[in-house]
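Q: Contents are PDB, C-alpha atoms and all ligand atoms; file name coords_4.pdb:
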MODEL        1
ATOM      1  CA  MET A1459       0.000   0.000   0.000
ATOM      2  CA  ILE A1460       1.186   3.486  -0.848
ATOM      3  CA  HIS A1461      -0.506   6.323   0.978
ATOM      4  CA  ILE A1462       0.313   9.873  -0.009
ATOM      5  CA  VAL A1463      -0.771  13.169   1.507
ATOM      6  CA  LEU A1464      -1.062  15.873  -1.121
ATOM      7  CA  PHE A1465      -0.639  19.222   0.565
ATOM      8  CA  GLY A1466      -0.860  22.903  -0.297
ATOM      9  CA  PRO A1467      -2.954  26.036   0.179
ATOM     10  CA  PRO A1468      -6.289  26.611  -1.583
ATOM     11  CA  GLY A1469      -5.538  27.049  -5.287
ATOM     12  CA  ALA A1470      -2.230  25.147  -5.218
ATOM     13  CA  GLY A1471      -3.482  22.658  -7.811
ATOM     14  CA  LYS A1472      -4.045  19.654  -5.532
ATOM     15  CA  GLY A1473      -7.140  18.431  -7.394
ATOM     16  CA  THR A1474      -5.480  18.548 -10.822
ATOM     17  CA  GLN A1475      -2.294  16.874  -9.679
ATOM     18  CA  ALA A1476      -4.132  14.265  -7.598
ATOM     19  CA  ALA A1477      -5.820  13.048 -10.787
ATOM     20  CA  ARG A1478      -2.406  12.544 -12.393
ATOM     21  CA  LEU A1479      -1.024  10.692  -9.372
ATOM     22  CA  VAL A1480      -4.109   8.465  -9.422
ATOM     23  CA  GLU A1481      -3.537   7.619 -13.061
ATOM     24  CA  ARG A1482       0.130   6.804 -12.612
ATOM     25  CA  TYR A1483       0.037   4.868  -9.344
ATOM     26  CA  LYS A1484      -3.534   3.491  -9.487
ATOM     27  CA  LEU A1485      -4.473   4.932  -6.133
ATOM     28  CA  ILE A1486      -7.815   6.089  -4.804
ATOM     29  CA  HIS A1487      -8.221   9.851  -4.521
ATOM     30  CA  LEU A1488      -9.900  10.932  -1.287
ATOM     31  CA  SER A1489     -10.646  14.654  -1.194
ATOM     32  CA  THR A1490     -12.413  15.577   2.041
ATOM     33  CA  GLY A1491     -13.659  18.811   0.410
ATOM     34  CA  ASP A1492     -15.229  16.808  -2.455
ATOM     35  CA  ILE A1493     -16.811  14.344  -0.018
ATOM     36  CA  PHE A1494     -18.319  17.196   2.010
ATOM     37  CA  ARG A1495     -19.626  18.868  -1.173
ATOM     38  CA  ARG A1496     -21.199  15.583  -2.274
ATOM     39  CA  ASN A1497     -22.911  15.269   1.101
ATOM     40  CA  ILE A1498     -24.225  18.828   0.852
ATOM     41  CA  LYS A1499     -25.605  18.116  -2.620
ATOM     42  CA  ASP A1500     -27.301  14.955  -1.343
ATOM     43  CA  SER A1501     -28.625  16.814   1.741
ATOM     44  CA  THR A1502     -27.260  14.227   4.175
ATOM     45  CA  GLU A1503     -26.950  14.922   7.905
ATOM     46  CA  LEU A1504     -23.193  15.214   7.438
ATOM     47  CA  GLY A1505     -23.714  17.699   4.604
ATOM     48  CA  LYS A1506     -26.043  19.820   6.720
ATOM     49  CA  LEU A1507     -23.504  19.876   9.526
ATOM     50  CA  ALA A1508     -20.535  20.694   7.261
ATOM     51  CA  LYS A1509     -22.244  23.427   5.218
ATOM     52  CA  SER A1510     -22.116  26.313   7.699
ATOM     53  CA  TYR A1511     -18.404  25.758   8.347
ATOM     54  CA  MET A1512     -17.597  25.492   4.654
ATOM     55  CA  ASP A1513     -19.670  28.535   3.691
ATOM     56  CA  ALA A1514     -17.645  30.602   6.147
ATOM     57  CA  GLY A1515     -14.331  29.092   5.040
ATOM     58  CA  ASN A1516     -13.760  27.484   8.436
ATOM     59  CA  LEU A1517     -12.721  23.922   9.128
ATOM     60  CA  VAL A1518     -15.346  21.276   9.810
ATOM     61  CA  PRO A1519     -14.708  19.916  13.362
ATOM     62  CA  ASP A1520     -11.948  17.310  13.613
ATOM     63  CA  GLU A1521     -14.088  14.513  15.105
ATOM     64  CA  VAL A1522     -16.571  14.659  12.222
ATOM     65  CA  THR A1523     -13.878  14.882   9.545
ATOM     66  CA  ILE A1524     -11.752  12.084  10.978
ATOM     67  CA  LYS A1525     -14.727   9.719  11.281
ATOM     68  CA  MET A1526     -15.778  10.452   7.711
ATOM     69  CA  LEU A1527     -12.258   9.901   6.357
ATOM     70  CA  GLU A1528     -11.877   6.581   8.183
ATOM     71  CA  SER A1529     -15.143   5.246   6.845
ATOM     72  CA  GLU A1530     -14.176   6.282   3.296
ATOM     73  CA  VAL A1531     -10.910   4.339   3.627
ATOM     74  CA  GLU A1532     -12.796   1.324   4.970
ATOM     75  CA  ALA A1533     -15.211   1.535   2.055
ATOM     76  CA  HIS A1534     -12.350   0.652  -0.351
ATOM     77  CA  PRO A1535     -10.926  -2.639   0.951
ATOM     78  CA  ARG A1536      -9.264  -3.477  -2.378
ATOM     79  CA  ALA A1537      -7.456  -0.149  -2.781
ATOM     80  CA  LYS A1538      -3.733  -0.194  -3.608
ATOM     81  CA  GLY A1539      -3.404   2.983  -1.592
ATOM     82  CA  PHE A1540      -4.833   6.462  -1.194
ATOM     83  CA  ILE A1541      -4.057  10.025  -2.087
ATOM     84  CA  PHE A1542      -5.338  12.137   0.757
ATOM     85  CA  ASP A1543      -6.208  15.563  -0.606
ATOM     86  CA  GLY A1544      -7.275  18.259   1.850
ATOM     87  CA  PHE A1545      -6.629  15.927   4.789
ATOM     88  CA  PRO A1546      -5.048  16.094   7.334
ATOM     89  CA  ARG A1547      -5.614  19.813   7.872
ATOM     90  CA  THR A1548      -4.835  19.961  11.591
ATOM     91  CA  GLU A1549      -2.239  18.249  13.738
ATOM     92  CA  LYS A1550      -5.048  16.361  15.481
ATOM     93  CA  GLN A1551      -6.155  14.934  12.133
ATOM     94  CA  ALA A1552      -2.544  13.972  11.313
ATOM     95  CA  LEU A1553      -2.219  12.100  14.622
ATOM     96  CA  ALA A1554      -5.580  10.385  14.078
ATOM     97  CA  LEU A1555      -4.574   9.331  10.560
ATOM     98  CA  ASP A1556      -1.298   7.862  11.821
ATOM     99  CA  SER A1557      -2.958   5.831  14.534
ATOM    100  CA  PHE A1558      -5.709   4.670  12.175
ATOM    101  CA  LEU A1559      -3.138   3.502   9.602
ATOM    102  CA  THR A1560      -0.953   1.904  12.282
ATOM    103  CA  SER A1561      -3.956  -0.122  13.441
ATOM    104  CA  ARG A1562      -4.138  -1.470   9.867
ATOM    105  CA  ASN A1563      -0.365  -2.099   9.679
ATOM    106  CA  GLU A1564      -0.019   0.692   7.156
ATOM    107  CA  LYS A1565       1.580   4.131   7.069
ATOM    108  CA  ILE A1566       1.922   7.354   5.109
ATOM    109  CA  LYS A1567       4.783   7.154   2.631
ATOM    110  CA  CYS A1568       5.159  10.847   2.127
ATOM    111  CA  MET A1569       3.536  14.265   2.208
ATOM    112  CA  LEU A1570       3.991  16.001  -1.149
ATOM    113  CA  ALA A1571       3.620  19.747  -0.706
ATOM    114  CA  LEU A1572       2.865  22.017  -3.656
ATOM    115  CA  ILE A1573       4.598  25.366  -3.188
ATOM    116  CA  VAL A1574       2.892  28.358  -4.834
ATOM    117  CA  ASP A1575       3.421  32.012  -3.929
ATOM    118  CA  ASP A1576       0.562  34.136  -2.561
ATOM    119  CA  ALA A1577       0.132  36.412  -5.614
ATOM    120  CA  GLU A1578      -0.190  33.409  -7.934
ATOM    121  CA  LEU A1579      -2.670  31.758  -5.519
ATOM    122  CA  SER A1580      -4.933  34.825  -5.416
ATOM    123  CA  ALA A1581      -4.928  35.052  -9.217
ATOM    124  CA  ARG A1582      -5.773  31.361  -9.575
ATOM    125  CA  LEU A1583      -8.591  31.518  -7.009
ATOM    126  CA  LEU A1584     -10.139  34.575  -8.671
ATOM    127  CA  ASN A1585     -10.059  32.720 -11.945
ATOM    128  CA  ARG A1586     -11.445  29.502 -10.442
ATOM    129  CA  ALA A1587     -14.327  31.456  -8.883
ATOM    130  CA  LYS A1588     -15.666  32.130 -12.392
ATOM    131  CA  THR A1589     -16.130  28.458 -13.183
ATOM    132  CA  SER A1590     -16.050  26.302 -10.024
ATOM    133  CA  GLY A1591     -19.593  27.073  -8.877
ATOM    134  CA  ARG A1592     -18.208  26.945  -5.333
ATOM    135  CA  ALA A1593     -19.741  29.493  -2.974
ATOM    136  CA  ASP A1594     -16.508  29.495  -0.936
ATOM    137  CA  ASP A1595     -14.545  30.594  -4.033
ATOM    138  CA  ALA A1596     -16.938  33.417  -4.938
ATOM    139  CA  ASP A1597     -16.755  35.568  -1.815
ATOM    140  CA  PRO A1598     -13.378  37.349  -1.351
ATOM    141  CA  GLU A1599     -13.852  37.479   2.432
ATOM    142  CA  VAL A1600     -14.374  33.728   2.593
ATOM    143  CA  VAL A1601     -11.349  33.144   0.366
ATOM    144  CA  ALA A1602      -9.258  35.374   2.647
ATOM    145  CA  ASN A1603     -10.473  33.423   5.680
ATOM    146  CA  ARG A1604      -9.596  30.087   4.032
ATOM    147  CA  ILE A1605      -6.064  31.311   3.384
ATOM    148  CA  ASP A1606      -5.833  32.566   6.954
ATOM    149  CA  VAL A1607      -7.101  29.244   8.350
ATOM    150  CA  TYR A1608      -4.578  27.461   6.131
ATOM    151  CA  LYS A1609      -1.686  29.518   7.481
ATOM    152  CA  ARG A1610      -2.800  29.266  11.098
ATOM    153  CA  GLU A1611      -4.069  25.698  11.427
ATOM    154  CA  THR A1612      -2.963  23.715   8.401
ATOM    155  CA  ALA A1613       0.557  24.885   7.509
ATOM    156  CA  PRO A1614       1.938  23.441  10.820
ATOM    157  CA  VAL A1615       0.866  19.967   9.650
ATOM    158  CA  ALA A1616       3.781  20.086   7.162
ATOM    159  CA  GLU A1617       6.144  20.387  10.124
ATOM    160  CA  TYR A1618       4.601  17.237  11.624
ATOM    161  CA  TYR A1619       5.513  15.191   8.529
ATOM    162  CA  ASN A1620       8.878  16.910   8.168
ATOM    163  CA  LYS A1621       9.746  15.916  11.740
ATOM    164  CA  HIS A1622       9.016  12.312  10.821
ATOM    165  CA  GLY A1623      11.154  12.447   7.644
ATOM    166  CA  LYS A1624       8.096  12.204   5.426
ATOM    167  CA  TYR A1625       8.003  15.562   3.698
ATOM    168  CA  ALA A1626       8.883  16.638   0.168
ATOM    169  CA  GLU A1627       8.308  20.001  -1.480
ATOM    170  CA  VAL A1628       7.544  20.520  -5.143
ATOM    171  CA  TYR A1629       7.345  23.859  -6.954
ATOM    172  CA  GLY A1630       3.735  24.124  -8.080
ATOM    173  CA  VAL A1631       3.951  26.849 -10.741
ATOM    174  CA  GLY A1632       4.454  26.322 -14.459
ATOM    175  CA  ASN A1633       3.420  23.731 -16.985
ATOM    176  CA  MET A1634       1.089  21.118 -15.453
ATOM    177  CA  ASP A1635       2.993  18.187 -16.965
ATOM    178  CA  ASP A1636       6.250  19.528 -15.547
ATOM    179  CA  ILE A1637       4.672  19.839 -12.089
ATOM    180  CA  SER A1638       3.421  16.241 -12.339
ATOM    181  CA  LYS A1639       6.921  15.058 -13.290
ATOM    182  CA  ARG A1640       8.353  16.878 -10.274
ATOM    183  CA  LEU A1641       5.811  15.152  -8.040
ATOM    184  CA  PHE A1642       6.546  11.680  -9.470
ATOM    185  CA  LYS A1643      10.264  12.266  -9.039
ATOM    186  CA  ALA A1644       9.899  13.502  -5.451
ATOM    187  CA  LEU A1645       7.767  10.482  -4.578
ATOM    188  CA  GLU A1646      10.008   7.935  -6.252
ATOM    189  CA  GLU A1647      13.140   9.400  -4.701
ATOM    190  CA  HIS A1648      11.589   9.401  -1.256
ATOM    191  CA  GLU A1649      13.176   6.715   0.891
ATOM    192  CA  GLN A1650      10.357   5.447   3.106
TER     193      GLN A1650
HETATM  194  P1  LIG B1701     -11.284  22.018  -0.154
HETATM  195  O1  LIG B1701     -12.144  21.491  -1.251
HETATM  196  O2  LIG B1701     -10.177  21.073   0.224
HETATM  197  O3  LIG B1701     -10.782  23.413  -0.424
HETATM  198  O4  LIG B1701     -12.215  22.113   1.159
HETATM  199  C1  LIG B1701     -13.345  22.949   1.177
HETATM  200  C2  LIG B1701     -13.830  23.104   2.604
HETATM  201  O5  LIG B1701     -14.207  21.836   3.151
HETATM  202  C3  LIG B1701     -12.817  23.665   3.594
HETATM  203  O6  LIG B1701     -12.752  25.092   3.551
HETATM  204  C4  LIG B1701     -13.386  23.148   4.920
HETATM  205  O7  LIG B1701     -14.512  23.907   5.329
HETATM  206  C5  LIG B1701     -13.886  21.755   4.541
HETATM  207  N1  LIG B1701     -12.826  20.736   4.712
HETATM  208  C6  LIG B1701     -12.237  20.007   3.729
HETATM  209  N2  LIG B1701     -11.327  19.181   4.249
HETATM  210  C7  LIG B1701     -11.313  19.395   5.590
HETATM  211  C8  LIG B1701     -10.565  18.854   6.683
HETATM  212  N3  LIG B1701      -9.606  17.936   6.498
HETATM  213  N4  LIG B1701     -10.853  19.312   7.929
HETATM  214  C9  LIG B1701     -11.815  20.225   8.138
HETATM  215  N5  LIG B1701     -12.534  20.800   7.158
HETATM  216  C10 LIG B1701     -12.297  20.388   5.892
ENDMDL
END
Can I see the file as structure tokens?
Ligand code: AMP

A:
Amino acid sequence: MIHIVLFGPPGAGKGTQAARLVERYKLIHLSTGDIFRRNIKDSTELGKLAKSYMDAGNLVPDEVTIKMLESEVEAHPRAKGFIFDGFPRTEKQALALDSFLTSRNEKIKCMLALIVDDAELSARLLNRAKTSGRADDADPEVVANRIDVYKRETAPVAEYYNKHGKYAEVYGVGNMDDISKRLFKALEEHEQ
């Protein structure tokens, strides 16, 4: 099993690059944001709970997110591995993921972090707002809050993986194929 955490701020290109990693390594892509959006669309209890947090650009509480992620993993018993996209977003989620995987005799191979500067991120998010249909992309205040939440709560998660020797950075600006190649190389050169 290969489990990868794909990491980066909103607009870093995680969704696009996750699709390419899926194709190359035949993994299952688990995006917690996508799963929440699906639940909102289907008006599930989970969707109703998540909506107010997402609309404001805040994080859905850890307990709810962790439980959801674990049941998604368990729903794919034949998976060769997972790309976790948008998870973990807090240190508590990172700890929960480690102990969940340990209980299954598995582990994270590596966190791949996409590095994109702030000016490029703002431009990309403004552009995405025109087509994504996402309420949290359309409101500049919500976008600003998401970036703030990322810096405050999520960025420290990179340090968690770095401390455990499981962190690799990839420059996330330029041609999409080149970025994919950088990601493949970083993953394949990673020791663990
Ligand atoms: P994303 O599609 O990854 O940008 O996520 C959209 C929104 O879903 C976030 O702004 C959060 O409100 C919520 N969300 C997604 N993943 C998580 C997570 N791991 N923990 C808490 N909230 C999350």

Q: Pick out the residues no farther than 6 Å from ligand LIG 1701 (chain B), counting only C-alpha atoms and all ligand atoms, and list them as a PyMOL selection string.

A: chain A and resi 1468+1490-1492+1511-1512+1515-1519+1523+1544-1547+1604

Q: Next, dump the selected residues to file, keeping only C-alpha atoms, as a JSON list (two decimals), in the coordinates of the input.

A:
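As a result, part14.json now contains:
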[["chain", "number", "residue", "atom", "x", "y", "z"],
["A", 1468, "PRO", "CA", -6.29, 26.61, -1.58],
["A", 1490, "THR", "CA", -12.41, 15.58, 2.04],
["A", 1491, "GLY", "CA", -13.66, 18.81, 0.41],
["A", 1492, "ASP", "CA", -15.23, 16.81, -2.46],
["A", 1511, "TYR", "CA", -18.40, 25.76, 8.35],
["A", 1512, "MET", "CA", -17.60, 25.49, 4.65],
["A", 1515, "GLY", "CA", -14.33, 29.09, 5.04],
["A", 1516, "ASN", "CA", -13.76, 27.48, 8.44],
["A", 1517, "LEU", "CA", -12.72, 23.92, 9.13],
["A", 1518, "VAL", "CA", -15.35, 21.28, 9.81],
["A", 1519, "PRO", "CA", -14.71, 19.92, 13.36],
["A", 1523, "THR", "CA", -13.88, 14.88, 9.54],
["A", 1544, "GLY", "CA", -7.28, 18.26, 1.85],
["A", 1545, "PHE", "CA", -6.63, 15.93, 4.79],
["A", 1546, "PRO", "CA", -5.05, 16.09, 7.33],
["A", 1547, "ARG", "CA", -5.61, 19.81, 7.87],
["A", 1604, "ARG", "CA", -9.60, 30.09, 4.03]]

Q: Atom CA of Thr1612 of chain A and atom CA of Gly1539 of chain A are how many Å apart?

A: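 Pair atom CA of Thr1612 of chain A / atom CA of Gly1539 of chain A returns 23.0 Å.
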
Q: As a check of understanding, name the residues that the PyMOL selection byres (((chain A and resi 1493) around 12) and not hetatm) selects in the supplied structure, as JSON, numbers by chain.

A: {"A": [1487, 1488, 1489, 1490, 1491, 1492, 1494, 1495, 1496, 1497, 1498, 1499, 1500, 1502, 1504, 1505, 1508, 1509, 1523, 1526, 1527, 1529, 1530, 1542, 1543, 1544, 1545]}

Q: For Arg1536 of chain A, list every protein, DNA or RNA residue within 12 Å, evaluated using all atoms listed in the file, and leave out those in the same chain fewer than 4 positions away; present the list as a list in words.

A: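 Contacts, with the query itself left out: Met1459, Lys1484, Leu1485, Ile1486, Val1531, Glu1532 and Phe1540 of chain A.
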
Q: Restricting the output to C-alpha atoms, write the selected residues as a short mmCIF file (atom, residue, chain, number, x, y, z; two decimals), in the coordinates of the input.

A:
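To be explicit, this is the file written out as again_34.cif:
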data_model
loop_
_atom_site.label_atom_id
_atom_site.label_comp_id
_atom_site.auth_asym_id
_atom_site.auth_seq_id
_atom_site.Cartn_x
_atom_site.Cartn_y
_atom_site.Cartn_z
CA MET A 1459 0.00 0.00 0.00
CA LYS A 1484 -3.53 3.49 -9.49
CA LEU A 1485 -4.47 4.93 -6.13
CA ILE A 1486 -7.82 6.09 -4.80
CA VAL A 1531 -10.91 4.34 3.63
CA GLU A 1532 -12.80 1.32 4.97
CA PHE A 1540 -4.83 6.46 -1.19
#

Q: Out of A:Gly1623, A:Gly1591, A:Gly1471, A:Pro1535, which residue has the shortest atom-to-atom distance to Ser1638 of chain A when counting only C-alpha atoms?

A: A:Gly1471

Q: If you take every atom of segment 1596-1612 of chain A that the file lists and fit an axis-aligned box around them with 5 Å extra on each side, what centre and edge lengths come out in Å to one decimal, as JSON?

A:
{"center_x": -9.3, "center_y": 30.6, "center_z": 3.2, "size_x": 25.3, "size_y": 23.8, "size_z": 26.4}

Q: To one decimal place, how far is atom CA of Pro1614 of chain A from atom CA of Glu1646 of chain A in Å?

A: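 One can read the atom CA of Pro1614 of chain A to atom CA of Glu1646 of chain A distance as 24.4 Å.
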
Q: Using Å and a single decimal, report how far atom CA of Ile1524 of chain A sits from atom CA of Ile1541 of chain A.

A: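 Atom-to-atom, atom CA of Ile1541 of chain A and atom CA of Ile1524 of chain A are spaced 15.3 Å apart.
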
Q: A:Lys1506, A:His1461, A:Lys1609, A:Arg1482: which is nearest Lys1567 of chain A, counting all atoms listed in the file?

A: A:His1461

Q: With distances taken over only C-alpha atoms, which residue among A:Asp1606, A:Glu1599, A:Glu1528, A:Asp1575 lies nearest Ser1561 of chain A?

A: A:Glu1528

Q: Skip Val1601 of chain A itself and residues of its chain fewer than 4 positions away, then list as JSON, numbers by chain all residues within 10 Å of it, counting only C-alpha atoms.

A: {"A": [1468, 1514, 1515, 1580, 1583, 1584, 1587, 1593, 1594, 1595, 1596, 1597, 1605, 1606, 1607]}

Q: List, as a list in words, every residue that the PyMOL selection byres (((chain A and resi 1645) around 9) and not hetatm) selects in the file provided.

A: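 When the PyMOL selection byres (((chain A and resi 1645) around 9) and not hetatm) is applied to the shown file, the picked residues are Ile1462, Lys1567, Cys1568, Met1569, Leu1570, Ala1626, Arg1640, Leu1641, Phe1642, Lys1643, Ala1644, Glu1646, Glu1647, His1648 and Glu1649 of chain A.
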
Q: For a quick check of understanding, using only C-alpha atoms, which of A:Ile1637, A:Ala1537, A:Val1615, A:Val1600 has the smallest distance to Ser1510 of chain A?

A: A:Val1600

Q: Restricting the calculation to all atoms listed in the file: of A:Glu1611, A:Asp1520, A:Glu1627, A:Glu1578, which residue gets closest to Val1463 of chain A?

A: A:Glu1627

Q: Which is closer to Ala1613 of chain A than all the others in A:Ala1477, A:Glu1549, A:His1534, A:Ser1501, using all atoms listed in the file?

A: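 The answer is A:Glu1549, which sits nearest to Ala1613 of chain A.
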
Q: Taking N, CA and C atoms as the atom set, what does segment 1566-1599 of chain A look like once completed, written as a JSON list (two decimals), keeping the file's coordinate frame?

A:
[["chain", "number", "residue", "atom", "x", "y", "z"],
["A", 1566, "ILE", "N", 1.75, 6.35, 6.16],
["A", 1566, "ILE", "CA", 1.92, 7.35, 5.11],
["A", 1566, "ILE", "C", 3.34, 7.22, 4.56],
["A", 1567, "LYS", "N", 3.44, 7.18, 3.23],
["A", 1567, "LYS", "CA", 4.78, 7.15, 2.63],
["A", 1567, "LYS", "C", 5.38, 8.55, 2.67],
["A", 1568, "CYS", "N", 4.58, 9.52, 2.28],
["A", 1568, "CYS", "CA", 5.16, 10.85, 2.13],
["A", 1568, "CYS", "C", 4.08, 11.92, 1.98],
["A", 1569, "MET", "N", 4.38, 13.10, 2.52],
["A", 1569, "MET", "CA", 3.54, 14.26, 2.21],
["A", 1569, "MET", "C", 4.21, 15.01, 1.06],
["A", 1570, "LEU", "N", 3.48, 15.21, -0.02],
["A", 1570, "LEU", "CA", 3.99, 16.00, -1.15],
["A", 1570, "LEU", "C", 3.35, 17.38, -1.07],
["A", 1571, "ALA", "N", 4.16, 18.39, -0.88],
["A", 1571, "ALA", "CA", 3.62, 19.75, -0.71],
["A", 1571, "ALA", "C", 3.84, 20.56, -1.97],
["A", 1572, "LEU", "N", 2.77, 21.14, -2.48],
["A", 1572, "LEU", "CA", 2.86, 22.02, -3.66],
["A", 1572, "LEU", "C", 3.12, 23.44, -3.18],
["A", 1573, "ILE", "N", 4.21, 24.02, -3.62],
["A", 1573, "ILE", "CA", 4.60, 25.37, -3.19],
["A", 1573, "ILE", "C", 4.22, 26.39, -4.27],
["A", 1574, "VAL", "N", 3.34, 27.32, -3.90],
["A", 1574, "VAL", "CA", 2.89, 28.36, -4.83],
["A", 1574, "VAL", "C", 2.85, 29.68, -4.07],
["A", 1575, "ASP", "N", 3.39, 30.75, -4.67],
["A", 1575, "ASP", "CA", 3.42, 32.01, -3.93],
["A", 1575, "ASP", "C", 2.03, 32.66, -3.85],
["A", 1576, "ASP", "N", 1.88, 33.56, -2.88],
["A", 1576, "ASP", "CA", 0.56, 34.14, -2.56],
["A", 1576, "ASP", "C", -0.09, 34.86, -3.74],
["A", 1577, "ALA", "N", 0.70, 35.63, -4.50],
["A", 1577, "ALA", "CA", 0.13, 36.41, -5.61],
["A", 1577, "ALA", "C", -0.45, 35.47, -6.66],
["A", 1578, "GLU", "N", 0.28, 34.40, -6.95],
["A", 1578, "GLU", "CA", -0.19, 33.41, -7.93],
["A", 1578, "GLU", "C", -1.46, 32.71, -7.41],
["A", 1579, "LEU", "N", -1.49, 32.42, -6.11],
["A", 1579, "LEU", "CA", -2.67, 31.76, -5.52],
["A", 1579, "LEU", "C", -3.91, 32.63, -5.66],
["A", 1580, "SER", "N", -3.78, 33.92, -5.32],
["A", 1580, "SER", "CA", -4.93, 34.83, -5.42],
["A", 1580, "SER", "C", -5.43, 34.88, -6.85],
["A", 1581, "ALA", "N", -4.52, 34.98, -7.81],
["A", 1581, "ALA", "CA", -4.93, 35.05, -9.22],
["A", 1581, "ALA", "C", -5.66, 33.78, -9.62],
["A", 1582, "ARG", "N", -5.14, 32.63, -9.21],
["A", 1582, "ARG", "CA", -5.77, 31.36, -9.57],
["A", 1582, "ARG", "C", -7.17, 31.24, -8.97],
["A", 1583, "LEU", "N", -7.29, 31.66, -7.69],
["A", 1583, "LEU", "CA", -8.59, 31.52, -7.01],
["A", 1583, "LEU", "C", -9.64, 32.44, -7.62],
["A", 1584, "LEU", "N", -9.21, 33.65, -8.00],
["A", 1584, "LEU", "CA", -10.14, 34.58, -8.67],
["A", 1584, "LEU", "C", -10.64, 33.97, -9.97],
["A", 1585, "ASN", "N", -9.73, 33.37, -10.68],
["A", 1585, "ASN", "CA", -10.06, 32.72, -11.94],
["A", 1585, "ASN", "C", -10.98, 31.52, -11.73],
["A", 1586, "ARG", "N", -10.65, 30.70, -10.73],
["A", 1586, "ARG", "CA", -11.44, 29.50, -10.44],
["A", 1586, "ARG", "C", -12.87, 29.87, -10.05],
["A", 1587, "ALA", "N", -13.00, 31.02, -9.35],
["A", 1587, "ALA", "CA", -14.33, 31.46, -8.88],
["A", 1587, "ALA", "C", -15.31, 31.61, -10.04],
["A", 1588, "LYS", "N", -14.79, 31.91, -11.23],
["A", 1588, "LYS", "CA", -15.67, 32.13, -12.39],
["A", 1588, "LYS", "C", -16.30, 30.84, -12.87],
["A", 1589, "THR", "N", -15.63, 29.72, -12.60],
["A", 1589, "THR", "CA", -16.13, 28.46, -13.18],
["A", 1589, "THR", "C", -16.44, 27.37, -12.16],
["A", 1590, "SER", "N", -15.94, 27.46, -10.93],
["A", 1590, "SER", "CA", -16.05, 26.30, -10.02],
["A", 1590, "SER", "C", -17.46, 26.11, -9.49],
["A", 1591, "GLY", "N", -18.27, 27.18, -9.47],
["A", 1591, "GLY", "CA", -19.59, 27.07, -8.88],
["A", 1591, "GLY", "C", -19.53, 26.91, -7.36],
["A", 1592, "ARG", "N", -18.35, 27.10, -6.78],
["A", 1592, "ARG", "CA", -18.21, 26.94, -5.33],
["A", 1592, "ARG", "C", -18.46, 28.27, -4.64],
["A", 1593, "ALA", "N", -19.42, 28.26, -3.70],
["A", 1593, "ALA", "CA", -19.74, 29.49, -2.97],
["A", 1593, "ALA", "C", -18.51, 29.99, -2.23],
["A", 1594, "ASP", "N", -17.67, 29.07, -1.73],
["A", 1594, "ASP", "CA", -16.51, 29.50, -0.94],
["A", 1594, "ASP", "C", -15.38, 30.05, -1.81],
["A", 1595, "ASP", "N", -15.50, 29.95, -3.14],
["A", 1595, "ASP", "CA", -14.54, 30.59, -4.03],
["A", 1595, "ASP", "C", -15.03, 31.99, -4.43],
["A", 1596, "ALA", "N", -16.35, 32.21, -4.35],
["A", 1596, "ALA", "CA", -16.94, 33.42, -4.94],
["A", 1596, "ALA", "C", -16.81, 34.65, -4.04],
["A", 1597, "ASP", "N", -16.75, 34.45, -2.75],
["A", 1597, "ASP", "CA", -16.76, 35.57, -1.82],
["A", 1597, "ASP", "C", -15.32, 35.87, -1.34],
["A", 1598, "PRO", "N", -14.78, 37.04, -1.69],
["A", 1598, "PRO", "CA", -13.38, 37.35, -1.35],
["A", 1598, "PRO", "C", -13.08, 37.25, 0.15],
["A", 1599, "GLU", "N", -14.10, 37.57, 0.98],
["A", 1599, "GLU", "CA", -13.85, 37.48, 2.43],
["A", 1599, "GLU", "C", -13.68, 36.03, 2.87]]
